[in-house]
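Structure record follows, encoded as structure tokens.
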Amino acid sequence: MAFRSIARNVTHQASVRRARTQRTTRLTGFVVTWDVNSRDRAQSGRVRRFVYGDKTHVDGKLYTYPGFVHREGVRYLGQSVLFVTKGHLEALCGFLRSNGLVPVVTEAWLGRILRL
């Protein structure tokens, strides 16, 4: 297994690109937020890989693992903030709790994404 810096997965303006590629339908669900201790590198890495996915090169071959934000019914809103439909709520909160985090959940709805 190859080890590398977590920062390699984060590119400039990635959050804006991610938001632009999401579906434009109206959704009813929940806003979920959490706070990761940035000094706990292991916890930060686990959460980042689960939420955003990972890309790894092994022996010249690229392996791509999509993250939670790539699922239908999930929208990225900002750092440590996701909108999820009811079907994804328990999976996200369960993962966060299993990693020692306390999710804050708020009922919400989102309109469609406008292309201006």
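By convention here, the chains of the structure tokens are called A, B, ... in the order presented, each chain's residues are numbered starting at 1, and ligands are numbered starting at 1 in the order presented.
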Neighbour list for range 78-86 of chain A as a ChimeraX atom specification, cut-off 7 Å, only C-alpha atoms, skip fewer than 2 positions in-chain = /A:28-35,73-76,88-89
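The spacing separating CA of Gly87 in chain A from CA of Arg115 in chain A amounts to 27.1 Å.
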Among the residues A:Leu116, A:Glu72, A:Asn37, A:Thr25, the one that comes closest to Val102 in chain A [using only C-alpha atoms] =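 Closest to Val102 in chain A of all the choices is A:Asn37.
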key: DSSP-assigned helix (DSSP H, G or I) members of range 5-113 of chain A, reported as a PyMOL selection string   = chain A and resi 6-9+14-20+41-52+68-70+86-98
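Distances to Val47 in chain A were evaluated for A:Arg26, A:Leu96, A:Thr64, A:Ala91 using only C-alpha atoms, and the minimum falls at A:Leu96.
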query = Which residues, written as a list of chain:residue names, have at least one atom at most 12 Å from Ser38 in chain A, with only C-alpha atoms counted and residues fewer than 3 positions away on the same chain left out?
reply = A:Ile6, A:Asp35, A:Arg41, A:Ala42, A:Gln43, A:Ser44, A:Gly45, A:Arg46, A:Val47, A:Arg48, A:Ser80
